[in-house]
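Colleague: If it helps, the file is called final-v7.cif and holds mmCIF, C-alpha atoms:
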```cif
data_structure
loop_
_atom_site.label_atom_id
_atom_site.label_comp_id
_atom_site.auth_asym_id
_atom_site.auth_seq_id
_atom_site.Cartn_x
_atom_site.Cartn_y
_atom_site.Cartn_z
CA MET A 1 0.00 0.00 0.00
CA GLU A 2 1.43 3.35 -1.01
CA ARG A 3 2.01 6.20 1.48
CA ARG A 4 -0.96 8.31 0.32
CA SER A 5 -3.40 5.43 0.73
CA LYS A 6 -2.09 4.77 4.23
CA ILE A 7 -2.63 8.41 5.20
CA ILE A 8 -6.22 8.39 3.91
CA LEU A 9 -6.97 5.10 5.65
CA GLY A 10 -5.48 6.37 8.91
CA PHE A 11 -7.53 9.56 8.68
CA LEU A 12 -10.77 7.62 8.13
CA ILE A 13 -10.02 5.34 11.09
CA ALA A 14 -9.28 8.37 13.29
CA VAL A 15 -12.58 10.00 12.29
CA LEU A 16 -14.50 6.78 12.98
CA VAL A 17 -12.86 6.39 16.41
CA GLY A 18 -13.60 10.04 17.18
CA ILE A 19 -17.30 9.59 16.34
CA ILE A 20 -17.55 6.46 18.50
CA VAL A 21 -15.81 8.13 21.47
CA THR A 22 -18.00 11.23 21.13
CA GLU A 23 -21.17 9.13 21.14
CA ILE A 24 -19.98 7.22 24.21
CA VAL A 25 -18.92 10.19 26.34
CA ARG A 26 -21.59 12.71 25.41
CA PRO A 27 -24.44 13.02 27.92
CA ARG A 28 -27.64 11.30 27.01
CA PRO A 29 -30.67 13.54 26.51
CA ILE A 30 -33.23 13.37 29.30
CA ASN A 31 -36.23 11.22 28.50
CA TRP A 32 -39.33 13.24 29.44
CA ARG A 33 -41.86 10.69 28.28
CA PRO A 34 -44.30 9.48 30.96
CA SER A 35 -43.61 5.93 32.09
CA TYR A 36 -45.06 5.43 35.61
CA THR A 37 -43.41 1.99 35.96
CA SER A 38 -41.76 0.94 39.21
CA ILE A 39 -38.40 0.27 37.54
CA SER A 40 -38.25 3.46 35.49
CA LYS A 41 -35.71 6.02 36.75
CA ILE A 42 -36.53 8.67 34.15
CA PRO A 43 -38.17 11.89 35.46
CA PHE A 44 -41.71 10.68 34.90
CA GLY A 45 -41.19 7.13 36.16
CA CYS A 46 -42.25 5.80 39.57
CA PHE A 47 -39.06 4.16 40.79
CA VAL A 48 -38.78 6.47 43.82
CA LEU A 49 -42.43 6.13 44.81
CA PHE A 50 -42.42 2.34 44.61
CA ASN A 51 -39.29 2.11 46.76
CA GLU A 52 -40.79 4.53 49.30
CA LEU A 53 -44.04 2.59 49.71
CA PRO A 54 -42.65 0.43 52.58
CA SER A 55 -41.98 3.63 54.57
CA LEU A 56 -45.42 5.04 53.73
CA PHE A 57 -47.12 1.76 54.64
CA PRO A 58 -44.83 0.20 57.24
CA ASN A 59 -47.26 -2.53 58.25
CA SER A 60 -48.33 -3.46 54.73
CA GLU A 61 -47.13 -6.10 52.34
CA ILE A 62 -46.30 -4.60 48.93
CA GLN A 63 -46.97 -6.75 45.87
CA SER A 64 -45.99 -5.61 42.37
CA VAL A 65 -48.52 -6.78 39.79
CA GLU A 66 -47.54 -7.40 36.16
CA GLU A 67 -50.75 -8.97 34.91
CA SER A 68 -54.27 -7.72 34.25
CA ILE A 69 -56.52 -6.61 37.08
CA TYR A 70 -58.92 -9.45 36.35
CA ASP A 71 -56.20 -12.11 36.72
CA VAL A 72 -55.02 -10.58 40.01
CA LEU A 73 -58.38 -10.02 41.67
CA ILE A 74 -59.84 -13.37 40.62
CA LYS A 75 -57.15 -14.97 42.81
CA ASN A 76 -57.41 -12.41 45.61
CA ASP A 77 -58.16 -13.63 49.14
CA SER A 78 -61.40 -11.83 49.97
CA SER A 79 -60.87 -12.36 53.69
CA ILE A 80 -57.91 -9.92 53.65
CA THR A 81 -58.62 -6.21 53.18
CA SER A 82 -56.26 -4.63 50.68
CA ASN A 83 -55.53 -1.60 48.49
CA TYR A 84 -54.96 -1.46 44.75
CA ILE A 85 -52.90 1.42 43.28
CA LEU A 86 -53.30 2.42 39.63
CA ILE A 87 -51.15 5.33 38.37
CA ASN A 88 -50.96 6.21 34.69
CA ASP A 89 -51.76 9.11 32.37
CA ASN A 90 -54.80 7.21 31.05
CA ILE A 91 -56.64 4.19 32.39
CA TYR A 92 -59.14 2.03 30.57
CA LEU A 93 -60.65 -1.14 32.02
CA ASP A 94 -62.58 -3.61 29.90
CA GLU A 95 -65.89 -5.03 31.05
CA GLN A 96 -64.41 -8.06 32.84
CA GLU A 97 -61.83 -5.95 34.65
CA THR A 98 -64.46 -3.38 35.60
CA ASN A 99 -66.82 -5.98 37.04
CA GLN A 100 -64.00 -7.57 38.99
CA ILE A 101 -62.69 -4.30 40.45
CA LEU A 102 -66.23 -3.17 41.39
CA GLU A 103 -66.76 -6.45 43.20
CA TYR A 104 -63.37 -6.05 44.86
CA VAL A 105 -64.23 -2.57 46.20
CA ALA A 106 -67.77 -3.56 47.20
CA LYS A 107 -66.26 -6.11 49.61
CA GLY A 108 -64.54 -3.34 51.57
CA ASN A 109 -61.27 -2.81 49.70
CA GLN A 110 -59.88 0.46 48.33
CA VAL A 111 -58.62 1.40 44.88
CA PHE A 112 -56.34 4.42 44.42
CA ILE A 113 -56.38 5.80 40.87
CA ALA A 114 -54.19 8.65 39.62
CA THR A 115 -54.93 9.50 36.00
CA THR A 116 -55.87 12.35 33.70
CA GLU A 117 -58.26 10.18 31.69
CA LEU A 118 -60.63 7.55 33.03
CA ARG A 119 -62.91 6.00 30.45
CA GLY A 120 -65.27 3.10 30.00
CA LYS A 121 -67.77 1.33 32.19
CA LEU A 122 -65.98 2.17 35.44
CA ALA A 123 -66.40 5.94 34.95
CA ASP A 124 -70.03 5.44 33.95
CA THR A 125 -70.75 3.26 36.98
CA LEU A 126 -69.20 5.76 39.39
CA ASN A 127 -70.97 8.61 37.56
CA ILE A 128 -67.79 10.63 37.18
CA GLU A 129 -66.38 12.52 34.23
CA ILE A 130 -62.87 13.96 33.85
CA LEU A 131 -62.16 16.89 31.55
CA GLN A 132 -58.60 17.39 30.35
CA GLU A 133 -57.62 20.78 28.97
CA TYR A 134 -55.17 20.87 26.12
CA THR A 135 -53.11 24.02 25.78
CA ILE A 136 -50.30 24.88 23.40
CA LYS A 137 -48.15 26.36 26.15
CA GLU A 138 -47.26 24.33 29.23
CA ASP A 139 -48.66 26.10 32.26
CA THR A 140 -48.30 25.94 36.02
CA VAL A 141 -51.05 24.54 38.25
CA ASN A 142 -51.57 24.59 42.01
CA VAL A 143 -53.24 21.87 44.02
CA ASP A 144 -54.39 21.64 47.60
CA PHE A 145 -56.30 19.41 50.02
CA THR A 146 -59.67 20.09 51.63
CA HIS A 147 -58.87 18.33 54.90
CA THR A 148 -58.27 20.78 57.73
CA ASP A 149 -54.94 19.18 58.65
CA LEU A 150 -53.71 19.30 55.05
CA ASN A 151 -55.17 22.51 53.59
CA LYS A 152 -52.40 24.74 54.85
CA ASN A 153 -50.12 23.99 51.93
CA ILE A 154 -50.56 24.71 48.23
CA TYR A 155 -48.40 22.64 45.90
CA GLU A 156 -47.20 24.07 42.60
CA PHE A 157 -46.54 21.82 39.61
CA GLU A 158 -45.02 23.38 36.54
CA ARG A 159 -43.64 20.68 34.20
CA GLY A 160 -45.35 17.79 32.46
CA VAL A 161 -48.75 18.79 33.83
CA ASN A 162 -51.94 18.03 31.95
CA THR A 163 -54.69 20.07 33.55
CA ALA A 164 -57.50 17.64 34.36
CA PHE A 165 -60.41 17.92 36.76
CA PHE A 166 -63.83 16.44 37.51
CA THR A 167 -66.82 17.93 35.74
CA SER A 168 -69.36 15.35 36.95
CA LEU A 169 -69.59 13.66 40.36
CA ASP A 170 -71.95 11.44 42.29
CA THR A 171 -72.54 13.98 45.07
CA LEU A 172 -74.33 11.47 47.31
CA ASN A 173 -71.38 9.06 47.50
CA THR A 174 -68.44 11.34 46.76
CA GLU A 175 -66.23 13.41 49.03
CA ILE A 176 -63.96 16.06 47.50
CA LEU A 177 -60.46 15.71 48.90
CA GLY A 178 -58.61 18.34 46.89
CA HIS A 179 -58.76 21.04 44.20
CA ILE A 180 -56.67 22.16 41.28
CA HIS A 181 -56.03 25.87 40.58
CA PHE A 182 -55.18 26.87 37.01
CA LYS A 183 -55.55 29.63 34.45
CA ASP A 184 -58.25 29.06 31.87
CA ASN A 185 -56.49 29.80 28.59
CA THR A 186 -58.85 27.92 26.30
CA PHE A 187 -60.16 29.52 23.15
CA LEU A 188 -63.75 29.10 24.38
CA ASN A 189 -63.14 31.49 27.26
CA ASN A 190 -63.47 35.15 26.33
CA GLU A 191 -61.58 36.31 29.40
CA LYS A 192 -57.99 35.12 29.31
CA ASN A 193 -55.96 34.07 32.37
CA VAL A 194 -59.02 33.59 34.51
CA LYS A 195 -58.28 31.57 37.62
CA GLN A 196 -60.26 28.34 37.86
CA VAL A 197 -60.67 26.10 40.89
CA LYS A 198 -61.94 22.60 40.20
CA PRO A 199 -62.02 19.33 42.15
CA ASN A 200 -59.22 17.00 41.14
CA PHE A 201 -59.04 14.61 44.12
CA ILE A 202 -62.09 12.68 45.31
CA LYS A 203 -63.17 9.70 47.35
CA THR A 204 -66.30 7.94 46.11
CA SER A 205 -67.88 5.13 48.06
CA PHE A 206 -68.97 1.88 46.45
CA GLY A 207 -70.39 -0.88 48.60
CA LYS A 208 -68.22 -1.34 51.67
CA GLY A 209 -65.14 0.14 50.01
CA SER A 210 -64.18 3.23 48.07
CA PHE A 211 -62.39 4.59 45.02
CA ILE A 212 -59.84 7.36 45.64
CA ILE A 213 -59.20 9.19 42.36
CA ASN A 214 -56.64 11.90 41.63
CA THR A 215 -56.29 13.66 38.26
CA LEU A 216 -52.63 14.63 38.71
CA PRO A 217 -50.60 11.43 38.18
CA ILE A 218 -47.47 13.43 37.35
CA ALA A 219 -47.24 14.39 41.04
CA PHE A 220 -46.33 10.78 41.91
CA THR A 221 -43.32 10.56 39.59
CA ASN A 222 -39.59 10.72 40.32
CA TYR A 223 -39.30 14.33 39.19
CA TYR A 224 -41.58 15.65 41.92
CA LEU A 225 -40.86 13.10 44.64
CA LEU A 226 -37.23 14.25 44.61
CA SER A 227 -38.33 17.86 45.07
CA ASP A 228 -40.01 19.84 47.84
CA LYS A 229 -43.41 18.62 46.57
CA SER A 230 -42.92 15.02 47.71
CA SER A 231 -45.33 15.50 50.62
CA TYR A 232 -48.25 15.82 48.20
CA SER A 233 -48.08 12.14 47.23
CA ALA A 234 -47.55 11.08 50.86
CA ASN A 235 -50.62 13.04 51.96
CA SER A 236 -52.63 11.61 49.06
CA PHE A 237 -51.85 8.07 50.19
CA SER A 238 -52.88 8.87 53.76
CA TYR A 239 -56.47 8.05 52.79
CA LEU A 240 -55.56 4.39 52.18
CA HIS A 241 -55.71 1.67 54.82
CA ASN A 242 -52.45 0.25 56.11
CA ASN A 243 -53.15 -3.21 54.68
CA LEU A 244 -51.94 -5.44 51.86
CA LEU A 245 -51.14 -3.20 48.89
CA TYR A 246 -51.15 -4.14 45.19
CA TRP A 247 -49.00 -1.94 42.98
CA ASP A 248 -50.16 -2.16 39.37
CA ASP A 249 -47.22 -2.32 36.96
CA TYR A 250 -49.31 -3.62 34.06
CA LYS A 251 -51.44 -0.71 32.87
CA LYS A 252 -48.51 1.64 32.31
CA SER A 253 -47.52 3.85 29.40
CA GLY A 254 -43.89 2.79 29.82
CA ARG A 255 -44.54 -0.93 30.14
CA LYS A 256 -42.45 -2.96 27.75
CA VAL A 257 -44.76 -4.78 25.39
CA ILE A 258 -43.55 -7.60 23.16
CA SER A 259 -44.64 -6.71 19.64
CA SER A 260 -43.04 -9.62 17.83
CA PRO A 261 -45.07 -12.49 16.29
CA MET A 262 -43.82 -14.59 19.23
CA ARG A 263 -45.77 -12.44 21.69
CA PHE A 264 -48.22 -15.18 22.69
CA VAL A 265 -45.47 -17.74 23.15
CA LEU A 266 -43.31 -15.38 25.22
CA ASN A 267 -46.27 -14.41 27.40
CA GLN A 268 -46.92 -18.02 28.41
CA PRO A 269 -44.32 -19.28 30.93
CA ALA A 270 -44.42 -22.89 29.74
CA LEU A 271 -44.18 -21.99 26.05
CA LYS A 272 -41.55 -19.34 26.76
CA TRP A 273 -39.22 -21.79 28.52
CA SER A 274 -39.81 -24.42 25.85
CA TYR A 275 -38.86 -21.86 23.23
CA TYR A 276 -35.71 -20.93 25.14
CA LEU A 277 -34.75 -24.60 25.56
CA VAL A 278 -35.16 -25.18 21.82
CA LEU A 279 -32.93 -22.18 21.06
CA CYS A 280 -30.30 -23.38 23.54
CA GLY A 281 -30.44 -26.87 22.05
CA LEU A 282 -29.99 -25.53 18.53
CA LEU A 283 -27.11 -23.35 19.70
CA LEU A 284 -25.35 -26.31 21.32
CA PHE A 285 -25.97 -28.38 18.22
CA VAL A 286 -24.41 -25.71 16.00
CA ILE A 287 -21.43 -25.28 18.37
CA PHE A 288 -20.60 -28.98 18.48
CA LYS A 289 -21.39 -29.70 14.83
CA ALA A 290 -19.25 -26.74 13.80
CA LYS A 291 -16.15 -28.61 14.94
CA ARG A 292 -14.10 -30.10 12.14
CA GLU A 293 -15.03 -33.69 11.54
CA GLN A 294 -13.10 -36.36 9.65
CA ARG A 295 -13.83 -36.21 5.99
CA ILE A 296 -15.91 -39.06 4.70
CA ILE A 297 -13.58 -41.71 3.29
CA PRO A 298 -14.62 -42.43 -0.29
CA VAL A 299 -15.27 -46.00 -1.27
CA ILE A 300 -12.43 -47.14 -3.51
CA LYS A 301 -13.13 -50.16 -5.60
CA PRO A 302 -10.39 -52.76 -5.30
CA LEU A 303 -8.29 -53.40 -8.34
CA GLU A 304 -9.63 -56.18 -10.43
CA ASN A 305 -7.50 -59.27 -10.74
CA SER A 306 -6.55 -59.13 -14.39
CA SER A 307 -4.14 -62.02 -14.25
CA VAL A 308 -6.69 -64.37 -15.71
CA GLU A 309 -7.54 -61.94 -18.47
CA PHE A 310 -3.86 -61.39 -19.11
CA ALA A 311 -3.23 -65.11 -19.29
CA ARG A 312 -6.13 -65.59 -21.65
CA THR A 313 -4.90 -62.79 -23.85
CA VAL A 314 -1.34 -64.10 -23.95
CA GLY A 315 -2.56 -67.64 -24.49
CA SER A 316 -4.78 -66.47 -27.30
CA LEU A 317 -1.82 -64.77 -28.97
CA TYR A 318 0.33 -67.88 -28.72
CA HIS A 319 -2.52 -70.07 -29.87
CA GLN A 320 -3.06 -67.92 -32.93
CA SER A 321 0.64 -67.89 -33.74
CA LYS A 322 0.98 -71.67 -33.09
CA ASP A 323 4.25 -71.02 -31.26
CA TYR A 324 3.86 -73.88 -28.76
CA THR A 325 7.58 -74.17 -28.13
CA ASN A 326 7.87 -70.61 -26.81
CA LEU A 327 4.61 -70.98 -24.82
CA ASN A 328 5.80 -74.17 -23.13
CA SER A 329 9.16 -72.58 -22.32
CA LYS A 330 7.43 -69.69 -20.55
CA LYS A 331 5.06 -72.02 -18.69
CA ILE A 332 8.03 -74.05 -17.46
CA ASN A 333 9.88 -70.89 -16.35
CA TYR A 334 6.75 -69.62 -14.54
CA PHE A 335 6.33 -72.98 -12.80
CA LEU A 336 9.97 -73.04 -11.69
CA THR A 337 9.56 -69.49 -10.36
CA TYR A 338 6.47 -70.69 -8.48
CA ILE A 339 8.53 -73.51 -6.90
CA ARG A 340 11.27 -71.13 -5.81
CA ASN A 341 8.85 -68.60 -4.28
CA ARG A 342 6.56 -71.20 -2.75
CA TYR A 343 8.93 -73.90 -1.48
CA TYR A 344 12.27 -72.07 -1.43
CA ILE A 345 13.96 -74.72 -3.57
CA ASN A 346 16.83 -74.07 -5.93
CA THR A 347 15.65 -74.91 -9.47
CA THR A 348 18.89 -74.27 -11.31
CA VAL A 349 19.39 -77.98 -11.94
CA LEU A 350 16.46 -80.32 -12.45
CA ASN A 351 17.85 -83.47 -10.83
CA GLU A 352 16.95 -86.17 -8.31
CA ARG A 353 17.65 -83.86 -5.37
CA LEU A 354 15.13 -81.35 -6.68
CA VAL A 355 12.55 -84.12 -7.12
CA THR A 356 13.05 -85.37 -3.56
CA GLN A 357 12.84 -81.85 -1.99
CA LEU A 358 9.82 -80.81 -4.06
CA ALA A 359 7.89 -84.02 -3.36
CA ALA A 360 8.53 -83.64 0.36
CA LYS A 361 7.52 -80.00 0.59
CA ALA A 362 4.58 -80.22 -1.83
CA GLY A 363 3.18 -83.36 -0.17
CA LYS A 364 3.26 -85.34 -3.40
CA ASN A 365 4.68 -88.76 -4.01
CA ILE A 366 8.05 -89.02 -5.69
CA GLU A 367 6.73 -90.84 -8.79
CA GLU A 368 4.25 -88.07 -9.65
CA THR A 369 6.83 -85.37 -9.00
CA LYS A 370 9.53 -87.18 -11.00
CA SER A 371 7.06 -87.66 -13.89
CA LEU A 372 6.42 -83.88 -14.01
CA ILE A 373 10.12 -82.96 -13.87
CA ASP A 374 11.06 -85.57 -16.49
CA PHE A 375 8.31 -84.28 -18.79
CA MET A 376 9.62 -80.73 -18.41
CA LEU A 377 13.17 -81.91 -19.16
CA SER A 378 11.96 -83.72 -22.26
CA LEU A 379 10.24 -80.58 -23.47
CA LYS A 380 13.39 -78.55 -22.87
CA ASN A 381 15.35 -80.96 -25.00
CA LYS A 382 12.67 -81.14 -27.71
CA PRO A 383 13.22 -78.55 -30.44
CA ILE A 384 9.63 -78.27 -31.67
CA HIS A 385 6.54 -78.67 -29.54
CA THR A 386 3.07 -79.60 -30.56
CA GLU A 387 -0.30 -78.46 -29.26
CA GLN A 388 -0.68 -81.75 -27.43
CA ASP A 389 2.60 -81.11 -25.60
CA THR A 390 1.19 -77.81 -24.37
CA LEU A 391 -2.03 -79.42 -23.17
CA ASN A 392 -0.15 -82.20 -21.36
CA LEU A 393 2.15 -79.69 -19.66
CA ALA A 394 -0.72 -77.56 -18.49
CA GLN A 395 -2.57 -80.63 -17.18
CA LYS A 396 0.43 -81.93 -15.24
CA ILE A 397 1.19 -78.51 -13.70
CA ASN A 398 -2.45 -77.97 -12.65
CA THR A 399 -2.66 -81.48 -11.19
CA PHE A 400 0.52 -80.89 -9.20
CA LYS A 401 -0.72 -77.57 -7.79
CA GLN A 402 -4.04 -79.10 -6.73
CA SER A 403 -2.60 -80.77 -3.66
CA TYR A 404 -2.36 -80.24 0.07
CA GLY A 405 0.96 -78.55 -0.25
CA ARG A 406 -0.27 -75.92 -2.69
#
```
Take the structure in this file and express it as structure tokens.

Modeller:
Amino acid sequence: MERRSKIILGFLIAVLVGIIVTEIVRPRPINWRPSYTSISKIPFGCFVLFNELPSLFPNSEIQSVEESIYDVLIKNDSSITSNYILINDNIYLDEQETNQILEYVAKGNQVFIATTELRGKLADTLNIEILQEYTIKEDTVNVDFTHTDLNKNIYEFERGVNTAFFTSLDTLNTEILGHIHFKDNTFLNNEKNVKQVKPNFIKTSFGKGSFIINTLPIAFTNYYLLSDKSSYSANSFSYLHNNLLYWDDYKKSGRKVISSPMRFVLNQPALKWSYYLVLCGLLLFVIFKAKREQRIIPVIKPLENSSVEFARTVGSLYHQSKDYTNLNSKKINYFLTYIRNRYYINTTVLNERLVTQLAAKAGKNIEETKSLIDFMLSLKNKPIHTEQDTLNLAQKINTFKQSYGR
């Protein structure tokens, strides 16, 4: 690589490293979105409140709920009086949840709701209506309590506030616990900046229990609990009994919802663990199968014994040429080579000693062996051989080999 290319490459790498370092060290922007979950540490989360509940309710058991109200209350022990806390910017209960929570309160339990929007059958049953004012400019609101021990203080909330208040109440069963003070800046009002005072904190009875509803959920978030306004939430909770307390972490704006096609599987514990086990099994399979394995040994066909074909070919050539003398000479030489390799006998001289040794080692009688050697000697001394000589030689050699000593 030439010098100019190295300089350009080094410059690009330096720029890339600089961008990465800048992204790592630069402060993250503050997340101002409402969450209201117990694990959220952003300004509008409820991490501080949830961790302070044991000090607010020292004699109560705190249970965090991450399933629907219906599933929780259907398993609730009715013999134990308890509280249910719902805090979110909007709350909607379906018909089953509404029926279950109404039955729960009618048995003498309490439900604390902090929301700017309460819709559905529950609001209709309690005969309440919440109006939320939408303004272009974020404005400051003041809230207070009606109780004589709590009405000395006015709390000011300036950020993240959605002005919401009750416009319809069941006056026979409802007690107003607090008001909200705000400037009416809506376009429908001819007089601008008119101070309005509306109820925003109520307690409405239902059966043996009650609903405690507040329209300022932002007051219960980390941002305000870490300020001088933290006493507002503590005073709001003073209307609850010091009993078992359910903290709802299901109906939250910041709740993590699985949006993948596997949502149903991941929401069912049995299916979720089965899915995880399958993934782990596949991962282990890939890891172990990824190791190098011995290559498959190809099947190699053994070499065919072409000796017979060779002999037939050579024999055919000699037969066509009628050169029996040469053919017999080669057969004799091959046989003598066979004797040397098989029985380790010196075949230089074909004499009586050779006959005796060969007969002994081959397991043949001396007469048969001597007949074969004499026939071979006669062929050696015979200048011209006939076809019959060749046949006789082949027969004698084959007969000799077909023996125990072969």

Colleague: If you apply the PyMOL selection byres ((chain A and resi 394) around 12) to this file, what residues do you get, as a list in words?

Modeller: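 For this structure, the PyMOL selection byres ((chain A and resi 394) around 12) resolves to Gly315, Tyr324, Leu327, Asn328, Ser329, Lys330, Lys331, Ile332, Tyr334, Phe335, Leu372, Phe375, Met376, Glu387, Gln388, Asp389, Thr390, Leu391, Asn392, Leu393, Gln395, Lys396, Ile397, Asn398, Thr399, Phe400 and Lys401 of chain A.
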
Colleague: Evaluate the PyMOL selection byres ((chain A and resi 50) around 10) and record the selected residues as a list in words, following the chain and residue labels used in the document.

Modeller: Tyr36, Thr37, Ser38, Ile39, Gly45, Cys46, Phe47, Val48, Leu49, Asn51, Glu52, Leu53, Pro54, Leu56, Ile62, Ser64, Phe220, Thr221, Asn222 and Trp247 of chain A

Colleague: Kindly save the residues from that selection, with C-alpha atoms included, as a CSV table (one decimal), in the coordinates of the input.

Modeller:
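New file result-v7.csv:
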```csv
chain,number,residue,atom,x,y,z
A,36,TYR,CA,-45.1,5.4,35.6
A,37,THR,CA,-43.4,2.0,36.0
A,38,SER,CA,-41.8,0.9,39.2
A,39,ILE,CA,-38.4,0.3,37.5
A,45,GLY,CA,-41.2,7.1,36.2
A,46,CYS,CA,-42.2,5.8,39.6
A,47,PHE,CA,-39.1,4.2,40.8
A,48,VAL,CA,-38.8,6.5,43.8
A,49,LEU,CA,-42.4,6.1,44.8
A,51,ASN,CA,-39.3,2.1,46.8
A,52,GLU,CA,-40.8,4.5,49.3
A,53,LEU,CA,-44.0,2.6,49.7
A,54,PRO,CA,-42.6,0.4,52.6
A,56,LEU,CA,-45.4,5.0,53.7
A,62,ILE,CA,-46.3,-4.6,48.9
A,64,SER,CA,-46.0,-5.6,42.4
A,220,PHE,CA,-46.3,10.8,41.9
A,221,THR,CA,-43.3,10.6,39.6
A,222,ASN,CA,-39.6,10.7,40.3
A,247,TRP,CA,-49.0,-1.9,43.0
```

Colleague: Name the residues captured by the PyMOL selection byres ((chain A and resi 213) around 6) when it is applied to the shown file; answer as a PyMOL selection string.

Modeller: chain A and resi 112-114+201-202+212+214

Colleague: Between CA of Thr356 in chain A and CA of Thr369 in chain A, what is the spacing in Å?

Modeller: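 Computing it gives 8.3 Å between the two atoms.
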
Colleague: Which is closer to Ile87 in chain A than all the others in A:Ile297, A:Leu12, A:Val72, A:Ile218, using only C-alpha atoms?

Modeller: A:Ile218

Colleague: At what distance in Å, to one decimal, does CA of Glu117 in chain A lie from CA of Asp94 in chain A?

Modeller: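 If I compute the distance from CA of Asp94 in chain A to CA of Glu117 in chain A, I get 14.6 Å.
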
Colleague: Determine the nearest neighbour of Asp374 in chain A from the options A:Val105, A:Leu93, A:Val299, A:Leu350, counting all atoms listed in the file.

Modeller: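 Ranked by minimum distance to Asp374 in chain A, first place goes to A:Leu350.
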
Colleague: My list of candidates is A:Pro27, A:Ser60, A:Ile101, A:Gln357. Which is closest to Asn76 in chain A when distances are computed with only C-alpha atoms?

Modeller: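 Between A:Pro27, A:Ser60, A:Ile101, A:Gln357, the residue approaching Asn76 in chain A most closely is A:Ile101.
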
Colleague: Report, in Å to a single decimal, how far apart CA of Ser168 in chain A and CA of Val194 in chain A are.

Modeller: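 Between CA of Val194 in chain A and CA of Ser168 in chain A the gap is 21.1 Å.
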
Colleague: As AutoDock Vina command-line options, please: the centre and edge lengths in Å, to one decimal, of an axis-aligned box enclosing every listed atom of range 213-216 of chain A with 3 Å added on each side.

Modeller:
```
--center_x -55.9 --center_y 11.9 --center_z 40.3 --size_x 12.6 --size_y 11.4 --size_z 10.1
```

Colleague: Could you please fill out range 346-357 of chain A with N, CA and C atoms and send it back as a tab-separated table (two decimals), in the frame of the given file?

Modeller:
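Generated output (rebuild_17.tsv):
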```tsv
chain	number	residue	atom	x	y	z
A	346	ASN	N	16.00	-74.50	-4.82
A	346	ASN	CA	16.83	-74.07	-5.93
A	346	ASN	C	16.48	-74.91	-7.16
A	347	THR	N	16.09	-74.21	-8.25
A	347	THR	CA	15.65	-74.91	-9.47
A	347	THR	C	16.65	-74.75	-10.61
A	348	THR	N	17.89	-74.45	-10.24
A	348	THR	CA	18.89	-74.27	-11.31
A	348	THR	C	19.12	-75.57	-12.07
A	349	VAL	N	19.17	-76.66	-11.32
A	349	VAL	CA	19.39	-77.98	-11.94
A	349	VAL	C	18.21	-78.87	-11.60
A	350	LEU	N	17.60	-79.42	-12.66
A	350	LEU	CA	16.46	-80.32	-12.45
A	350	LEU	C	16.99	-81.75	-12.32
A	351	ASN	N	17.27	-82.15	-11.07
A	351	ASN	CA	17.85	-83.47	-10.83
A	351	ASN	C	17.05	-84.20	-9.76
A	352	GLU	N	17.64	-85.34	-9.29
A	352	GLU	CA	16.95	-86.17	-8.31
A	352	GLU	C	16.76	-85.43	-6.98
A	353	ARG	N	17.76	-84.62	-6.63
A	353	ARG	CA	17.65	-83.86	-5.37
A	353	ARG	C	16.46	-82.92	-5.40
A	354	LEU	N	16.27	-82.26	-6.54
A	354	LEU	CA	15.13	-81.35	-6.68
A	354	LEU	C	13.83	-82.11	-6.55
A	355	VAL	N	13.79	-83.32	-7.16
A	355	VAL	CA	12.55	-84.12	-7.12
A	355	VAL	C	12.23	-84.49	-5.68
A	356	THR	N	13.27	-84.94	-4.96
A	356	THR	CA	13.05	-85.37	-3.56
A	356	THR	C	12.55	-84.20	-2.70
A	357	GLN	N	13.24	-83.03	-2.80
A	357	GLN	CA	12.84	-81.85	-1.99
A	357	GLN	C	11.44	-81.38	-2.35
```
